[in-house]
Each structure stands twice: as C-alpha cells, then as structure tokens.
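Engineer: Have a look at the structure that comes next, please.
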Amino acid sequence: MGSRGLTSASGLDADGERRIVSDAAGVVVLGACAGWSLLTAAVHEGRPEGVLLAVLAVAAGYAAGRIGGALLPVGTPCAGALAGVALTVAVPHLAPGPQITAPLGHAGATAAVLTLSAGAACCAAWAAAAPAARIALRLLAAGTAVLAAVLGSTTGCVTCLAVLLCSLAAGRTRRRGAGLVLLAAVAALVTCLAWAVAARAVPGGLVAALEGRLTPHRVRLWEDAWQLLREDAVLGVGPGRFGELSTTSAQSLLSDGKPHSAPLQQAAEQGLVGVALMAAAFGWVLYALWRGPRPTPVVLTAGATLTALAAIAAMGNALSFTAVSVGAGLLAGTATARPWADEQATRAPDTHPRGAGRTPAW
C-alpha cells in the first residue's frame, strides 16, 4: 500500500478515536443525569420518571441519528424535517392557542419541533450534492417559518428564520470551534436572562416588558422556582415536585405543575448539581459536533438549531415533550455521523501506488 493509503488509514483511526472519546463522554454525562435524578428522588420522594424518559429519548434519538446519518446523510435529516412538520400539523396539542386540558407550553413545543425541522432541512441541504435538491430543502426550511407564522407561533417563526440565516452564513465559516463557542455563549446568555428575571435582578422596566411577552403568570412560576432553589441549592426539592410546592402553580386552575423553563425546573427540583449536569449535556453535544467528521456547515447548522432549542427551552416548556427530546437527539446524531460512503472511500487502498504507471527504463 502506498503512502496515500497509509495516510488515509491513520486519518480514519484518528477519527475513530475521536468518536470513541465523544461517545464515552456522552454515556458518562447522560448516565450522570439519570443517576442524579434517582438520587434526588430518593432523598425527597420525588418522581424521576420524566427525567429518565427525557434521557432515554435523547439517547435513542442520538443512536438512530448516527445510524441514519451514516446510511442516508441526506435522506435521514430530510425525513426528520418532514416528520416534524407533519407532527405539528397532525397533533393538535402541539399547536398554540386555547387548550382546555393543558393550555401552557404547547406554543413552545410547536416552536421547538418546527425549529428542529428547519435545522434538519438545512443540514440535509448542505449534505446534498445537486443544486436543485439544496434549493428545495432550503425552501422546506423557509416553509417551516411560514407554517409557524400561520399557527401563531411567533417564537417558532423567528427561530426558524434564525436557523436558516445561520445555516447560510455557515457556508462562509471555516473555524467551527469559534462558531460553536459563540453559540454556547448565546445559550448561556438566554439562560442567565431567565435566571435574572426569576431572581428579580433586572430593572423593573425590563421585567414589565418581559411580563408582557411571557405573561405575569409565567414570571411568577419562575420566581417560585428560584425560591425553591434557595431552600436546597444542592439537591433541590426532588424531581416532579415543583407543582405541589409552588404557590403559583397550586393556585392556578389550569396548571401542568411545571415552571416553564427547563433550567429553572432543573434548579428547583435537582439543585445546582442538576443544572451543571444539564449544561454538561449541552456542552457534550457541542463537543461531539466539534470533533465530528461532518463538514463545518452541517456542524454549525446543527449547533445553531440546538442553541435555538436551548433558548426556547429556557423560556418555555418545550423539553417536557418527548418528541422534542427525540428530535434533538436525532439531529445531533445525524450531524455527528460519518457517512459510510466517505468511510469506504477512505478505507479504499491506493490503486495507484508510488511508481505505478511509469514507463520502465530499459
């Protein structure tokens, strides 16, 4: 085998080692999330089923995305995008608007599912080779924003357009690490804003403006979560116990027992350790994208989509829906998978070793 074949083999081995490290880190982080929820539930007699289901949904979606992304790097995210659109249209409980059974959080679920659909369509567009296919897939991403506007989800319309614009800008970006760091900073900024509102650490005018957008009821739920965190900053009050301990939730006739902010719910129910584990899970996904074999535009598009999802979850109840957790894992898995066609091309031995094709000197 020529030097080119040796270089390809060493590059493939290095890529395999990177994937093993990122996968092992993911197993540790997700396992720690599940184990901590069980521990806090045992201490405070909580109900960890919701957390365990979310962890299982993310892991299953990630595994399916890795398999599908390896076999069909264009078809898998395209199918995911279409499934998200179909789910939003077909399942009425995801649509925003007056709902008697559970009126809160559905707007966030709609925004989250459509944002994931837009991101999947953009990832498929970057993976497609034909220009016509790329245009069609980007039109599908733009169509998700239109659908969000039709359904009345302003947040979904904004985040879908943001993902589309970020995906187009990713084509001009060469340093994926800097882009992922910027996305992590955006997610941290939105989360800190929600925490500041809950702690009343922002000016009154800003709080009033946010209450007009988020509703005073949601802000009061956030404040209850902050108070519960102060009671036990390490362990929290136990998974699934926010609804029974929150004054605002208990006084509401149509309450789902959640504060409608994933970081604040994690803080109230599982303490600061739970928040750190949630941040570690998001950091692991960004790390896996950074070390993944896919092109930079695909990586940054997936990163922007998951950052938009983190922002929606910080302000709403999106992560309480299993479809959202599965979709997030599926997108992350697809964007970190190595297509088998590329792997087979890398493994193929050099058919023209050094010296081949030269006319021998007689």
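Numbering starts fresh at 1 for the residues of each chain in the structure tokens, the chains themselves are lettered A, B, ... in the order given, and ligands are numbered from 1 as they appear.
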Residues at most 12 Å from Arg220 in chain A, counting only C-alpha atoms, excluding those fewer than 6 positions away in the same chain, as a list in words?
Structural biologist: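 Surrounding residues, per the criterion: Ala194, Val197, Ala198, Ala199, Arg200, Val207, Leu210, Glu211, Leu214, Trp226, Gln227, Ser246, Thr247, Thr248, Ser249, Ala250, Gln251, Ser252, Lys258, Pro259, His260 and Ser261 of chain A.
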Engineer: For the alpha helix (DSSP H) assignment from backbone DSSP, which residues of range 267-329 of chain A qualify? Please present them as a PyMOL selection string.
Structural biologist: chain A and resi 267-291+296-315+322-329
Engineer: May I ask which of the residues A:Pro131, A:Tyr62, A:Ala41, A:Val74 is the closest one to Asp23 in chain A, counting only C-alpha atoms?
Structural biologist: A:Tyr62
Engineer: In Å to one decimal, how far is CA of Thr307 in chain A from CA of Ala127 in chain A?
Structural biologist: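 Taking CA of Ala127 in chain A as the start and CA of Thr307 in chain A as the end point, the length is 20.6 Å.
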Engineer: From the list A:Asn317, A:Thr296, A:Thr76, A:Gln270, which residue is nearest Asp232 in chain A when using only C-alpha atoms?
Structural biologist: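 When distances to Asp232 in chain A are compared using only C-alpha atoms, the smallest one comes from A:Gln270.
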Engineer: Select, from A:Asp224, A:Thr155, A:Ala145, A:Gly240, the residue with the minimum atom-to-atom distance to Leu52 in chain A, counting only C-alpha atoms.
Structural biologist: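 Of the candidates, the smallest distance to Leu52 in chain A is held by A:Gly240.
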Engineer: I need the residue nearest Ala328 in chain A from this list: A:Val113, A:Leu228, A:Ala70, A:Ala148. Use only C-alpha atoms for the distance.
Structural biologist: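 So, comparing all the options, the nearest one is A:Val113.
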